[in-house]
Structures are given as C-alpha cells and as structure tokens.
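What follows is the content of model_27.txt (compact mmCIF, N, CA, C and O atoms).
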```
# COMPACT_ATOMS: atom_id res chain seq x y z
N MET W 8 -32.24 62.38 32.65
CA MET W 8 -33.29 61.88 31.78
C MET W 8 -32.94 62.14 30.31
O MET W 8 -33.14 61.27 29.47
N ARG W 9 -32.42 63.33 30.03
CA ARG W 9 -32.06 63.68 28.67
C ARG W 9 -30.98 62.75 28.12
O ARG W 9 -31.05 62.32 26.97
N ILE W 10 -30.00 62.42 28.95
CA ILE W 10 -28.92 61.54 28.54
C ILE W 10 -29.46 60.14 28.24
O ILE W 10 -29.06 59.50 27.26
N LEU W 11 -30.38 59.67 29.06
CA LEU W 11 -30.98 58.36 28.85
C LEU W 11 -31.73 58.31 27.53
O LEU W 11 -31.60 57.34 26.76
N LEU W 12 -32.50 59.32 27.22
CA LEU W 12 -33.24 59.37 25.96
C LEU W 12 -32.29 59.44 24.76
O LEU W 12 -32.51 58.76 23.75
N LEU W 13 -31.24 60.24 24.88
CA LEU W 13 -30.26 60.35 23.81
C LEU W 13 -29.55 59.02 23.59
O LEU W 13 -29.37 58.59 22.45
N SER W 14 -29.21 58.34 24.65
CA SER W 14 -28.55 57.02 24.53
C SER W 14 -29.47 56.02 23.86
O SER W 14 -29.04 55.24 23.00
N ALA W 15 -30.73 56.01 24.24
CA ALA W 15 -31.69 55.09 23.63
C ALA W 15 -31.85 55.39 22.14
O ALA W 15 -31.93 54.47 21.31
N LEU W 16 -31.88 56.65 21.77
CA LEU W 16 -32.01 57.04 20.37
C LEU W 16 -30.79 56.58 19.58
O LEU W 16 -30.92 56.01 18.50
N ILE W 17 -29.61 56.80 20.10
CA ILE W 17 -28.38 56.39 19.41
C ILE W 17 -28.35 54.89 19.22
O ILE W 17 -28.03 54.39 18.14
N LEU W 18 -28.68 54.14 20.25
CA LEU W 18 -28.67 52.68 20.14
C LEU W 18 -29.70 52.18 19.14
O LEU W 18 -29.43 51.27 18.37
N SER W 19 -30.86 52.78 19.11
CA SER W 19 -31.88 52.34 18.17
C SER W 19 -31.50 52.69 16.73
O SER W 19 -31.73 51.90 15.82
N VAL W 20 -30.90 53.84 16.52
CA VAL W 20 -30.49 54.23 15.17
C VAL W 20 -29.33 53.35 14.71
O VAL W 20 -29.29 52.90 13.57
N SER W 21 -28.37 53.08 15.57
CA SER W 21 -27.23 52.26 15.16
C SER W 21 -27.65 50.83 14.90
O SER W 21 -27.07 50.15 14.07
N ALA W 22 -28.68 50.35 15.55
CA ALA W 22 -29.17 48.99 15.31
C ALA W 22 -29.80 48.88 13.92
O ALA W 22 -29.81 47.81 13.32
N CYS W 23 -30.30 49.97 13.38
CA CYS W 23 -30.95 49.95 12.08
C CYS W 23 -29.97 49.76 10.93
O CYS W 23 -30.38 49.52 9.81
N THR W 24 -28.70 49.90 11.17
CA THR W 24 -27.72 49.80 10.10
C THR W 24 -27.19 48.38 9.93
O THR W 24 -26.33 48.14 9.11
N TRP W 25 -27.72 47.41 10.67
CA TRP W 25 -27.27 46.03 10.56
C TRP W 25 -27.48 45.54 9.14
O TRP W 25 -28.51 45.76 8.53
N VAL W 26 -26.47 44.87 8.58
CA VAL W 26 -26.50 44.41 7.20
C VAL W 26 -26.66 42.89 7.18
O VAL W 26 -25.77 42.18 7.63
N PRO W 27 -27.78 42.39 6.64
CA PRO W 27 -27.96 40.94 6.58
C PRO W 27 -27.20 40.33 5.40
O PRO W 27 -27.03 40.97 4.36
N ILE W 28 -26.75 39.09 5.56
CA ILE W 28 -26.10 38.38 4.46
C ILE W 28 -27.19 37.85 3.53
O ILE W 28 -28.20 37.30 4.00
N GLU W 29 -27.03 38.06 2.25
CA GLU W 29 -27.99 37.56 1.27
C GLU W 29 -27.64 36.11 0.94
O GLU W 29 -26.50 35.68 1.15
N SER W 30 -28.58 35.38 0.38
CA SER W 30 -28.33 33.98 0.08
C SER W 30 -27.17 33.80 -0.88
O SER W 30 -26.36 32.89 -0.73
N SER W 31 -27.03 34.69 -1.87
CA SER W 31 -25.91 34.58 -2.81
C SER W 31 -24.57 34.91 -2.14
O SER W 31 -23.52 34.40 -2.54
N GLY W 32 -24.58 35.73 -1.12
CA GLY W 32 -23.35 36.09 -0.41
C GLY W 32 -22.86 35.02 0.55
O GLY W 32 -21.69 35.03 0.95
N LYS W 33 -23.73 34.09 0.91
CA LYS W 33 -23.35 33.05 1.87
C LYS W 33 -22.26 32.13 1.34
O LYS W 33 -21.51 31.55 2.12
N THR W 34 -22.16 32.00 0.02
CA THR W 34 -21.15 31.11 -0.56
C THR W 34 -19.83 31.82 -0.85
O THR W 34 -18.89 31.19 -1.30
N VAL W 35 -19.77 33.12 -0.62
CA VAL W 35 -18.57 33.91 -0.91
C VAL W 35 -17.62 33.85 0.29
O VAL W 35 -18.02 34.10 1.42
N ARG W 36 -16.37 33.51 0.01
CA ARG W 36 -15.35 33.44 1.06
C ARG W 36 -14.68 34.80 1.24
O ARG W 36 -14.52 35.55 0.28
N VAL W 37 -14.25 35.07 2.46
CA VAL W 37 -13.43 36.25 2.75
C VAL W 37 -12.02 35.73 2.93
O VAL W 37 -11.74 34.98 3.87
N LEU W 38 -11.14 36.11 2.01
CA LEU W 38 -9.75 35.66 2.05
C LEU W 38 -8.93 36.54 2.98
O LEU W 38 -9.19 37.74 3.08
N PRO W 39 -7.91 35.96 3.63
CA PRO W 39 -7.06 36.78 4.50
C PRO W 39 -6.25 37.78 3.69
O PRO W 39 -5.97 37.56 2.51
N ALA W 40 -5.86 38.85 4.34
CA ALA W 40 -5.02 39.87 3.70
C ALA W 40 -3.69 39.24 3.30
O ALA W 40 -3.22 38.29 3.92
N GLY W 41 -3.09 39.78 2.26
CA GLY W 41 -1.81 39.27 1.80
C GLY W 41 -1.75 39.24 0.30
O GLY W 41 -2.51 39.95 -0.38
N PRO W 42 -0.88 38.39 -0.23
CA PRO W 42 -0.75 38.32 -1.69
C PRO W 42 -2.01 37.74 -2.33
O PRO W 42 -2.79 37.05 -1.66
N ALA W 43 -2.17 38.01 -3.61
CA ALA W 43 -3.33 37.47 -4.33
C ALA W 43 -3.30 35.95 -4.27
O ALA W 43 -2.24 35.34 -4.36
N PRO W 44 -4.45 35.34 -4.09
CA PRO W 44 -4.48 33.88 -3.98
C PRO W 44 -4.11 33.21 -5.30
O PRO W 44 -4.52 33.66 -6.37
N SER W 45 -3.31 32.13 -5.22
CA SER W 45 -2.92 31.42 -6.44
C SER W 45 -4.10 30.58 -6.92
O SER W 45 -4.90 30.08 -6.14
N GLY W 46 -4.22 30.46 -8.23
CA GLY W 46 -5.28 29.67 -8.82
C GLY W 46 -6.60 30.41 -8.93
O GLY W 46 -7.59 29.84 -9.37
N CYS W 47 -6.65 31.66 -8.51
CA CYS W 47 -7.88 32.45 -8.57
C CYS W 47 -7.78 33.49 -9.67
O CYS W 47 -6.71 34.06 -9.90
N GLN W 48 -8.89 33.74 -10.32
CA GLN W 48 -8.95 34.73 -11.40
C GLN W 48 -9.52 36.03 -10.85
O GLN W 48 -10.58 36.03 -10.22
N SER W 49 -8.83 37.14 -11.10
CA SER W 49 -9.31 38.44 -10.65
C SER W 49 -10.58 38.84 -11.40
O SER W 49 -10.66 38.68 -12.62
N LYS W 50 -11.54 39.33 -10.65
CA LYS W 50 -12.81 39.79 -11.22
C LYS W 50 -13.04 41.27 -10.97
O LYS W 50 -14.14 41.77 -11.14
N GLY W 51 -12.00 41.96 -10.53
CA GLY W 51 -12.12 43.40 -10.30
C GLY W 51 -12.14 43.77 -8.84
O GLY W 51 -11.56 43.08 -8.00
N GLU W 52 -12.85 44.84 -8.56
CA GLU W 52 -12.85 45.41 -7.22
C GLU W 52 -14.29 45.72 -6.80
O GLU W 52 -15.11 46.09 -7.62
N VAL W 53 -14.54 45.57 -5.51
CA VAL W 53 -15.83 45.90 -4.92
C VAL W 53 -15.58 46.97 -3.86
O VAL W 53 -14.71 46.78 -3.00
N VAL W 54 -16.30 48.07 -3.93
CA VAL W 54 -16.17 49.13 -2.93
C VAL W 54 -17.50 49.22 -2.19
O VAL W 54 -18.55 49.33 -2.82
N VAL W 55 -17.43 49.12 -0.86
CA VAL W 55 -18.65 49.13 -0.05
C VAL W 55 -18.55 50.20 1.03
O VAL W 55 -17.47 50.57 1.45
N THR W 56 -19.71 50.67 1.47
CA THR W 56 -19.77 51.73 2.47
C THR W 56 -20.93 51.49 3.44
O THR W 56 -22.00 51.07 3.01
N VAL W 57 -20.66 51.75 4.71
CA VAL W 57 -21.70 51.73 5.75
C VAL W 57 -21.51 52.97 6.62
O VAL W 57 -20.50 53.65 6.53
N LYS W 58 -22.48 53.24 7.47
CA LYS W 58 -22.36 54.35 8.41
C LYS W 58 -21.35 53.98 9.50
O LYS W 58 -21.51 52.97 10.16
N SER W 59 -20.32 54.79 9.66
CA SER W 59 -19.36 54.55 10.74
C SER W 59 -19.63 55.48 11.93
O SER W 59 -19.11 55.26 13.01
N LYS W 60 -20.45 56.51 11.68
CA LYS W 60 -20.84 57.47 12.72
C LYS W 60 -22.33 57.71 12.63
O LYS W 60 -22.89 57.76 11.54
N VAL W 61 -22.94 57.85 13.78
CA VAL W 61 -24.34 58.26 13.85
C VAL W 61 -24.34 59.52 14.71
O VAL W 61 -24.15 59.45 15.92
N GLY W 62 -24.49 60.66 14.04
CA GLY W 62 -24.37 61.93 14.77
C GLY W 62 -22.93 62.08 15.26
O GLY W 62 -21.98 61.97 14.49
N PHE W 63 -22.76 62.26 16.54
CA PHE W 63 -21.42 62.37 17.12
C PHE W 63 -20.93 61.03 17.65
O PHE W 63 -19.81 60.91 18.14
N TYR W 64 -21.74 59.99 17.54
CA TYR W 64 -21.42 58.67 18.07
C TYR W 64 -20.66 57.85 17.03
O TYR W 64 -21.15 57.63 15.92
N ASN W 65 -19.43 57.42 17.36
CA ASN W 65 -18.66 56.53 16.50
C ASN W 65 -19.08 55.09 16.77
O ASN W 65 -19.02 54.64 17.91
N ARG W 66 -19.49 54.39 15.73
CA ARG W 66 -19.90 53.00 15.89
C ARG W 66 -18.69 52.11 16.18
O ARG W 66 -17.55 52.46 15.86
N ASN W 67 -18.95 50.95 16.74
CA ASN W 67 -17.90 49.99 17.06
C ASN W 67 -17.16 49.61 15.77
O ASN W 67 -17.78 49.13 14.82
N PRO W 68 -15.84 49.81 15.70
CA PRO W 68 -15.08 49.53 14.48
C PRO W 68 -15.18 48.06 14.03
O PRO W 68 -15.19 47.78 12.84
N LEU W 69 -15.27 47.14 14.97
CA LEU W 69 -15.40 45.73 14.60
C LEU W 69 -16.74 45.46 13.93
O LEU W 69 -16.83 44.70 12.97
N ARG W 70 -17.78 46.09 14.44
CA ARG W 70 -19.12 45.96 13.85
C ARG W 70 -19.14 46.55 12.44
O ARG W 70 -19.70 45.97 11.52
N VAL W 71 -18.50 47.71 12.27
CA VAL W 71 -18.43 48.36 10.96
C VAL W 71 -17.69 47.44 9.98
O VAL W 71 -18.15 47.21 8.86
N GLN W 72 -16.56 46.89 10.41
CA GLN W 72 -15.78 46.01 9.53
C GLN W 72 -16.58 44.75 9.17
O GLN W 72 -16.56 44.30 8.02
N GLU W 73 -17.29 44.20 10.12
CA GLU W 73 -18.13 43.03 9.86
C GLU W 73 -19.19 43.35 8.80
O GLU W 73 -19.42 42.56 7.89
N GLU W 74 -19.81 44.51 8.91
CA GLU W 74 -20.83 44.91 7.95
C GLU W 74 -20.23 45.16 6.57
O GLU W 74 -20.83 44.83 5.54
N LEU W 75 -19.02 45.73 6.53
CA LEU W 75 -18.35 45.95 5.25
C LEU W 75 -18.05 44.62 4.56
O LEU W 75 -18.26 44.47 3.36
N GLU W 76 -17.58 43.64 5.32
CA GLU W 76 -17.32 42.31 4.75
C GLU W 76 -18.61 41.67 4.25
O GLU W 76 -18.62 41.06 3.17
N THR W 77 -19.68 41.82 5.00
CA THR W 77 -20.97 41.26 4.58
C THR W 77 -21.44 41.91 3.28
O THR W 77 -21.88 41.21 2.35
N LEU W 78 -21.32 43.23 3.19
CA LEU W 78 -21.71 43.91 1.95
C LEU W 78 -20.85 43.46 0.78
O LEU W 78 -21.35 43.26 -0.33
N ALA W 79 -19.54 43.31 1.00
CA ALA W 79 -18.64 42.85 -0.06
C ALA W 79 -19.03 41.44 -0.51
O ALA W 79 -19.04 41.15 -1.71
N ARG W 80 -19.37 40.58 0.43
CA ARG W 80 -19.81 39.22 0.09
C ARG W 80 -21.11 39.27 -0.71
O ARG W 80 -21.28 38.51 -1.66
N ASN W 81 -22.01 40.16 -0.34
CA ASN W 81 -23.28 40.29 -1.06
C ASN W 81 -23.07 40.80 -2.49
O ASN W 81 -23.81 40.44 -3.40
N GLU W 82 -22.07 41.66 -2.70
CA GLU W 82 -21.82 42.26 -4.01
C GLU W 82 -20.98 41.37 -4.92
O GLU W 82 -21.04 41.49 -6.14
N ALA W 83 -20.18 40.48 -4.36
CA ALA W 83 -19.25 39.66 -5.15
C ALA W 83 -19.91 38.86 -6.26
O ALA W 83 -19.39 38.84 -7.39
N PRO W 84 -21.03 38.18 -6.03
CA PRO W 84 -21.62 37.39 -7.12
C PRO W 84 -21.98 38.22 -8.35
O PRO W 84 -21.89 37.73 -9.48
N SER W 85 -22.35 39.48 -8.17
CA SER W 85 -22.68 40.32 -9.33
C SER W 85 -21.44 40.64 -10.16
O SER W 85 -21.56 41.01 -11.33
N ALA W 86 -20.25 40.46 -9.58
CA ALA W 86 -18.99 40.65 -10.30
C ALA W 86 -18.46 39.32 -10.83
O ALA W 86 -17.38 39.27 -11.40
N GLY W 87 -19.22 38.24 -10.61
CA GLY W 87 -18.77 36.92 -11.05
C GLY W 87 -17.72 36.33 -10.13
O GLY W 87 -16.93 35.49 -10.54
N ALA W 88 -17.71 36.76 -8.87
CA ALA W 88 -16.69 36.32 -7.92
C ALA W 88 -17.29 35.44 -6.84
O ALA W 88 -18.46 35.56 -6.50
N ASN W 89 -16.45 34.56 -6.29
CA ASN W 89 -16.87 33.73 -5.17
C ASN W 89 -15.96 33.92 -3.95
O ASN W 89 -16.03 33.16 -3.00
N ALA W 90 -15.09 34.94 -4.02
CA ALA W 90 -14.19 35.25 -2.91
C ALA W 90 -13.84 36.74 -2.95
O ALA W 90 -13.78 37.33 -4.03
N VAL W 91 -13.64 37.31 -1.78
CA VAL W 91 -13.22 38.71 -1.67
C VAL W 91 -12.03 38.80 -0.71
O VAL W 91 -11.88 37.97 0.18
N GLN W 92 -11.21 39.80 -0.94
CA GLN W 92 -10.04 40.04 -0.09
C GLN W 92 -9.89 41.55 0.10
O GLN W 92 -9.86 42.29 -0.88
N ALA W 93 -9.83 41.97 1.35
CA ALA W 93 -9.68 43.40 1.62
C ALA W 93 -8.38 43.90 0.99
O ALA W 93 -7.33 43.27 1.14
N SER W 94 -8.45 45.02 0.28
CA SER W 94 -7.24 45.58 -0.32
C SER W 94 -6.70 46.74 0.51
O SER W 94 -5.70 47.34 0.14
N GLY W 95 -7.35 47.03 1.62
CA GLY W 95 -6.90 48.07 2.53
C GLY W 95 -7.77 48.08 3.76
O GLY W 95 -8.73 47.31 3.85
N LEU W 96 -7.44 48.92 4.68
CA LEU W 96 -8.21 49.03 5.92
C LEU W 96 -9.45 49.90 5.69
O LEU W 96 -9.46 50.76 4.81
N PRO W 97 -10.50 49.69 6.50
CA PRO W 97 -11.67 50.57 6.40
C PRO W 97 -11.30 52.01 6.75
O PRO W 97 -10.45 52.24 7.62
N ALA W 98 -11.92 52.95 6.06
CA ALA W 98 -11.70 54.36 6.34
C ALA W 98 -13.04 55.09 6.20
O ALA W 98 -13.66 55.04 5.13
N ASP W 99 -13.48 55.72 7.27
CA ASP W 99 -14.73 56.48 7.26
C ASP W 99 -15.91 55.66 6.77
O ASP W 99 -16.76 56.15 6.01
N GLY W 100 -15.96 54.38 7.15
CA GLY W 100 -17.08 53.53 6.80
C GLY W 100 -17.04 52.97 5.40
O GLY W 100 -18.01 52.41 4.92
N SER W 101 -15.90 53.09 4.71
CA SER W 101 -15.76 52.59 3.35
C SER W 101 -14.55 51.66 3.27
O SER W 101 -13.57 51.86 3.99
N GLN W 102 -14.64 50.66 2.39
CA GLN W 102 -13.51 49.74 2.23
C GLN W 102 -13.54 49.14 0.83
O GLN W 102 -14.60 48.92 0.25
N ARG W 103 -12.35 48.90 0.29
CA ARG W 103 -12.19 48.28 -1.02
C ARG W 103 -11.83 46.81 -0.84
O ARG W 103 -11.02 46.47 0.02
N PHE W 104 -12.42 45.98 -1.67
CA PHE W 104 -12.15 44.56 -1.67
C PHE W 104 -11.83 44.13 -3.09
O PHE W 104 -12.47 44.58 -4.05
N LEU W 105 -10.84 43.25 -3.24
CA LEU W 105 -10.57 42.62 -4.52
C LEU W 105 -11.51 41.44 -4.65
O LEU W 105 -11.76 40.72 -3.66
N ALA W 106 -12.05 41.23 -5.83
CA ALA W 106 -12.98 40.12 -6.07
C ALA W 106 -12.29 39.07 -6.92
O ALA W 106 -11.60 39.39 -7.88
N PHE W 107 -12.48 37.80 -6.55
CA PHE W 107 -11.83 36.68 -7.25
C PHE W 107 -12.83 35.57 -7.51
O PHE W 107 -13.75 35.35 -6.72
N GLN W 108 -12.58 34.85 -8.60
CA GLN W 108 -13.27 33.58 -8.86
C GLN W 108 -12.22 32.51 -8.57
O GLN W 108 -11.23 32.40 -9.29
N CYS W 109 -12.43 31.75 -7.52
CA CYS W 109 -11.47 30.73 -7.11
C CYS W 109 -12.06 29.35 -7.31
O CYS W 109 -13.28 29.17 -7.24
N PRO W 110 -11.19 28.35 -7.54
CA PRO W 110 -11.69 26.99 -7.66
C PRO W 110 -12.32 26.53 -6.34
O PRO W 110 -11.94 27.03 -5.27
N PRO W 111 -13.25 25.62 -6.42
CA PRO W 111 -13.88 25.12 -5.17
C PRO W 111 -12.82 24.52 -4.25
O PRO W 111 -11.84 23.95 -4.69
N ARG W 112 -13.06 24.66 -2.95
CA ARG W 112 -12.09 24.11 -2.00
C ARG W 112 -12.38 22.68 -1.72
O ARG W 112 -13.38 22.12 -1.81
```
Rewrite the structure of this file - the entire thing - as structure tokens.
Amino acid sequence: MRILLLSALILSVSACTWVPIESSGKTVRVLPAGPAPSGCQSKGEVVVTVKSKVGFYNRNPLRVQEELETLARNEAPSAGANAVQASGLPADGSQRFLAFQCPPR
C-alpha cells in the first residue's frame, strides 16, 4: 500500500511540471544541432531549466528535453529570435540554446 501511494504521489508531482507552449513560442523553430545556420543573425543565448528529478525519482530524459525545448521556444521572442539551436546536451535539467533571427522559410 505504501509503495502504491508513493508511486501515485511521484506521478502527480511529475505531471505538474509540464510546460505549455506559449502563443509567441509556437512560431519559433528548433534547429538541428550542428554549425550555425547560414543567413541567420545571432541574437545571443537562452538558458532554460526544468526539474529533472522529483525526490529520488529521475524524470524521463526525453520528457525533460522536450520541456527544455519548449521553454527555449517560449523565451526566444524576448531575445528577438525566431529560431533556437541547442548548444549542448541537457545536464541536471538545464540546457543552453543559441538564439537566431532567421529569414522566413
């Protein structure tokens, strides 16, 4: 019974960390890793963080990465950017993204 209650608590707490995409972030592209995109102007860097652990429970790394990308997309317009590109792998729930203003596709 104790294990069942603990599992339910962990699942409910981890569900609370879901990050919704904001309307301004919907137009921001996530560029693939690699060299800086040609024709795009650098607008700096965006650093985002989410919970990667809840207590002793490690959250699904794919879910964490998805939330980090969503947060980066949400933050990009405030930097004058319409595209983001991961500049490294996520570490402890944090990730750096390069922000770019790219011509429309």
Excluding Leu69 in chain W and its own-chain neighbours fewer than 3 positions away, which residues fall within 12 Å of it when counting only C-alpha atoms? Please give them as a PyMOL selection string.
chain W and resi 59+65-66+72-76+96-97+100
Mind pulling up the distance from atom O of Ser45 in chain W to atom N of Thr77 in chain W?
21.9 Å
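Proximity of W:Gly51, W:Asn89, W:Pro27, W:Pro42 to Pro110 in chain W, computed with only N, CA, C and O atoms, is greatest for W:Asn89.
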Residue contacts of Arg80 in chain W (6 Å, all atoms listed in the file) excluding same-chain residues fewer than 2 positions away, as a CSV table (one decimal) with N, CA, C and O atoms, in the frame of the given file:
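Result written to result33.csv:
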```
chain,number,residue,atom,x,y,z
W,31,SER,N,-27.0,34.7,-1.9
W,31,SER,CA,-25.9,34.6,-2.8
W,31,SER,C,-24.6,34.9,-2.1
W,31,SER,O,-23.5,34.4,-2.5
W,32,GLY,N,-24.6,35.7,-1.1
W,32,GLY,CA,-23.4,36.1,-0.4
W,32,GLY,C,-22.9,35.0,0.6
W,32,GLY,O,-21.7,35.0,1.0
W,33,LYS,N,-23.7,34.1,0.9
W,33,LYS,CA,-23.4,33.0,1.9
W,33,LYS,C,-22.3,32.1,1.3
W,33,LYS,O,-21.5,31.6,2.1
W,35,VAL,N,-19.8,33.1,-0.6
W,35,VAL,CA,-18.6,33.9,-0.9
W,35,VAL,C,-17.6,33.8,0.3
W,35,VAL,O,-18.0,34.1,1.4
W,75,LEU,N,-19.0,45.7,6.5
W,75,LEU,CA,-18.4,46.0,5.2
W,75,LEU,C,-18.0,44.6,4.6
W,75,LEU,O,-18.3,44.5,3.4
W,76,GLU,N,-17.6,43.6,5.3
W,76,GLU,CA,-17.3,42.3,4.8
W,76,GLU,C,-18.6,41.7,4.2
W,76,GLU,O,-18.6,41.1,3.2
W,77,THR,N,-19.7,41.8,5.0
W,77,THR,CA,-21.0,41.3,4.6
W,77,THR,C,-21.4,41.9,3.3
W,77,THR,O,-21.9,41.2,2.4
W,78,LEU,N,-21.3,43.2,3.2
W,78,LEU,CA,-21.7,43.9,2.0
W,78,LEU,C,-20.8,43.5,0.8
W,78,LEU,O,-21.4,43.3,-0.3
W,82,GLU,N,-22.1,41.7,-2.7
W,82,GLU,CA,-21.8,42.3,-4.0
W,82,GLU,C,-21.0,41.4,-4.9
W,82,GLU,O,-21.0,41.5,-6.1
W,83,ALA,N,-20.2,40.5,-4.4
W,83,ALA,CA,-19.2,39.7,-5.2
W,83,ALA,C,-19.9,38.9,-6.3
W,83,ALA,O,-19.4,38.8,-7.4
W,84,PRO,N,-21.0,38.2,-6.0
W,84,PRO,CA,-21.6,37.4,-7.1
W,84,PRO,C,-22.0,38.2,-8.4
W,84,PRO,O,-21.9,37.7,-9.5
```
As a compact mmCIF listing (two decimals) with N, CA, C and O atoms, in the frame of the given file, which residues of chain W does DSSP assign to helix (DSSP H, G or I)?
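Writing done, so here's result-v5.txt:
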```
# COMPACT_ATOMS: atom_id res chain seq x y z
N ARG W 9 -32.42 63.33 30.03
CA ARG W 9 -32.06 63.68 28.67
C ARG W 9 -30.98 62.75 28.12
O ARG W 9 -31.05 62.32 26.97
N ILE W 10 -30.00 62.42 28.95
CA ILE W 10 -28.92 61.54 28.54
C ILE W 10 -29.46 60.14 28.24
O ILE W 10 -29.06 59.50 27.26
N LEU W 11 -30.38 59.67 29.06
CA LEU W 11 -30.98 58.36 28.85
C LEU W 11 -31.73 58.31 27.53
O LEU W 11 -31.60 57.34 26.76
N LEU W 12 -32.50 59.32 27.22
CA LEU W 12 -33.24 59.37 25.96
C LEU W 12 -32.29 59.44 24.76
O LEU W 12 -32.51 58.76 23.75
N LEU W 13 -31.24 60.24 24.88
CA LEU W 13 -30.26 60.35 23.81
C LEU W 13 -29.55 59.02 23.59
O LEU W 13 -29.37 58.59 22.45
N SER W 14 -29.21 58.34 24.65
CA SER W 14 -28.55 57.02 24.53
C SER W 14 -29.47 56.02 23.86
O SER W 14 -29.04 55.24 23.00
N ALA W 15 -30.73 56.01 24.24
CA ALA W 15 -31.69 55.09 23.63
C ALA W 15 -31.85 55.39 22.14
O ALA W 15 -31.93 54.47 21.31
N LEU W 16 -31.88 56.65 21.77
CA LEU W 16 -32.01 57.04 20.37
C LEU W 16 -30.79 56.58 19.58
O LEU W 16 -30.92 56.01 18.50
N ILE W 17 -29.61 56.80 20.10
CA ILE W 17 -28.38 56.39 19.41
C ILE W 17 -28.35 54.89 19.22
O ILE W 17 -28.03 54.39 18.14
N LEU W 18 -28.68 54.14 20.25
CA LEU W 18 -28.67 52.68 20.14
C LEU W 18 -29.70 52.18 19.14
O LEU W 18 -29.43 51.27 18.37
N SER W 19 -30.86 52.78 19.11
CA SER W 19 -31.88 52.34 18.17
C SER W 19 -31.50 52.69 16.73
O SER W 19 -31.73 51.90 15.82
N VAL W 20 -30.90 53.84 16.52
CA VAL W 20 -30.49 54.23 15.17
C VAL W 20 -29.33 53.35 14.71
O VAL W 20 -29.29 52.90 13.57
N SER W 21 -28.37 53.08 15.57
CA SER W 21 -27.23 52.26 15.16
C SER W 21 -27.65 50.83 14.90
O SER W 21 -27.07 50.15 14.07
N ALA W 22 -28.68 50.35 15.55
CA ALA W 22 -29.17 48.99 15.31
C ALA W 22 -29.80 48.88 13.92
O ALA W 22 -29.81 47.81 13.32
N SER W 31 -27.03 34.69 -1.87
CA SER W 31 -25.91 34.58 -2.81
C SER W 31 -24.57 34.91 -2.14
O SER W 31 -23.52 34.40 -2.54
N GLY W 32 -24.58 35.73 -1.12
CA GLY W 32 -23.35 36.09 -0.41
C GLY W 32 -22.86 35.02 0.55
O GLY W 32 -21.69 35.03 0.95
N LYS W 33 -23.73 34.09 0.91
CA LYS W 33 -23.35 33.05 1.87
C LYS W 33 -22.26 32.13 1.34
O LYS W 33 -21.51 31.55 2.12
N THR W 34 -22.16 32.00 0.02
CA THR W 34 -21.15 31.11 -0.56
C THR W 34 -19.83 31.82 -0.85
O THR W 34 -18.89 31.19 -1.30
N PRO W 68 -15.84 49.81 15.70
CA PRO W 68 -15.08 49.53 14.48
C PRO W 68 -15.18 48.06 14.03
O PRO W 68 -15.19 47.78 12.84
N LEU W 69 -15.27 47.14 14.97
CA LEU W 69 -15.40 45.73 14.60
C LEU W 69 -16.74 45.46 13.93
O LEU W 69 -16.83 44.70 12.97
N ARG W 70 -17.78 46.09 14.44
CA ARG W 70 -19.12 45.96 13.85
C ARG W 70 -19.14 46.55 12.44
O ARG W 70 -19.70 45.97 11.52
N VAL W 71 -18.50 47.71 12.27
CA VAL W 71 -18.43 48.36 10.96
C VAL W 71 -17.69 47.44 9.98
O VAL W 71 -18.15 47.21 8.86
N GLN W 72 -16.56 46.89 10.41
CA GLN W 72 -15.78 46.01 9.53
C GLN W 72 -16.58 44.75 9.17
O GLN W 72 -16.56 44.30 8.02
N GLU W 73 -17.29 44.20 10.12
CA GLU W 73 -18.13 43.03 9.86
C GLU W 73 -19.19 43.35 8.80
O GLU W 73 -19.42 42.56 7.89
N GLU W 74 -19.81 44.51 8.91
CA GLU W 74 -20.83 44.91 7.95
C GLU W 74 -20.23 45.16 6.57
O GLU W 74 -20.83 44.83 5.54
N LEU W 75 -19.02 45.73 6.53
CA LEU W 75 -18.35 45.95 5.25
C LEU W 75 -18.05 44.62 4.56
O LEU W 75 -18.26 44.47 3.36
N GLU W 76 -17.58 43.64 5.32
CA GLU W 76 -17.32 42.31 4.75
C GLU W 76 -18.61 41.67 4.25
O GLU W 76 -18.62 41.06 3.17
N THR W 77 -19.68 41.82 5.00
CA THR W 77 -20.97 41.26 4.58
C THR W 77 -21.44 41.91 3.28
O THR W 77 -21.88 41.21 2.35
N LEU W 78 -21.32 43.23 3.19
CA LEU W 78 -21.71 43.91 1.95
C LEU W 78 -20.85 43.46 0.78
O LEU W 78 -21.35 43.26 -0.33
N ALA W 79 -19.54 43.31 1.00
CA ALA W 79 -18.64 42.85 -0.06
C ALA W 79 -19.03 41.44 -0.51
O ALA W 79 -19.04 41.15 -1.71
N ARG W 80 -19.37 40.58 0.43
CA ARG W 80 -19.81 39.22 0.09
C ARG W 80 -21.11 39.27 -0.71
O ARG W 80 -21.28 38.51 -1.66
N ASN W 81 -22.01 40.16 -0.34
CA ASN W 81 -23.28 40.29 -1.06
C ASN W 81 -23.07 40.80 -2.49
O ASN W 81 -23.81 40.44 -3.40
N GLU W 82 -22.07 41.66 -2.70
CA GLU W 82 -21.82 42.26 -4.01
C GLU W 82 -20.98 41.37 -4.92
O GLU W 82 -21.04 41.49 -6.14
N ALA W 83 -20.18 40.48 -4.36
CA ALA W 83 -19.25 39.66 -5.15
C ALA W 83 -19.91 38.86 -6.26
O ALA W 83 -19.39 38.84 -7.39
N PRO W 84 -21.03 38.18 -6.03
CA PRO W 84 -21.62 37.39 -7.12
C PRO W 84 -21.98 38.22 -8.35
O PRO W 84 -21.89 37.73 -9.48
N SER W 85 -22.35 39.48 -8.17
CA SER W 85 -22.68 40.32 -9.33
C SER W 85 -21.44 40.64 -10.16
O SER W 85 -21.56 41.01 -11.33
N ALA W 86 -20.25 40.46 -9.58
CA ALA W 86 -18.99 40.65 -10.30
C ALA W 86 -18.46 39.32 -10.83
O ALA W 86 -17.38 39.27 -11.40
```
Selection: 8 Å around Gly87 in chain W, all atoms listed in the file, excl. self and same-chain fewer than 6 positions, as an MDAnalysis selection string
chainID W and resid 48:50 106:109
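Residue nearest Ala88 in chain W within the list W:Phe63, W:Ser30, W:Trp25, W:Arg36: W:Arg36 [criterion: smallest interatomic distance, all atoms listed in the file].
The spacing separating atom N of Gly62 in chain W from atom O of Gln92 in chain W amounts to 27.8 Å.
From CA of Gly46 in chain W back to CA of Ser101 in chain W, the distance works out to 28.0 Å.
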Starting from 4 Å padding per side, set up an axis-aligned box that covers all listed atoms of range 42-48 of chain W and hand over centre and edge lengths in Å, one decimal, as AutoDock Vina command-line options.
```
--center_x -5.7 --center_y 34.0 --center_z -5.8 --size_x 17.8 --size_y 16.7 --size_z 19.2
```
Find the residues near Val53 in chain W: any atom within 9 Å, counting only C-alpha atoms, skip ones fewer than 4 places away on the same chain, and give them as a VMD selection string.
chain W and resid 79 82 to 83 86 91 102 to 106
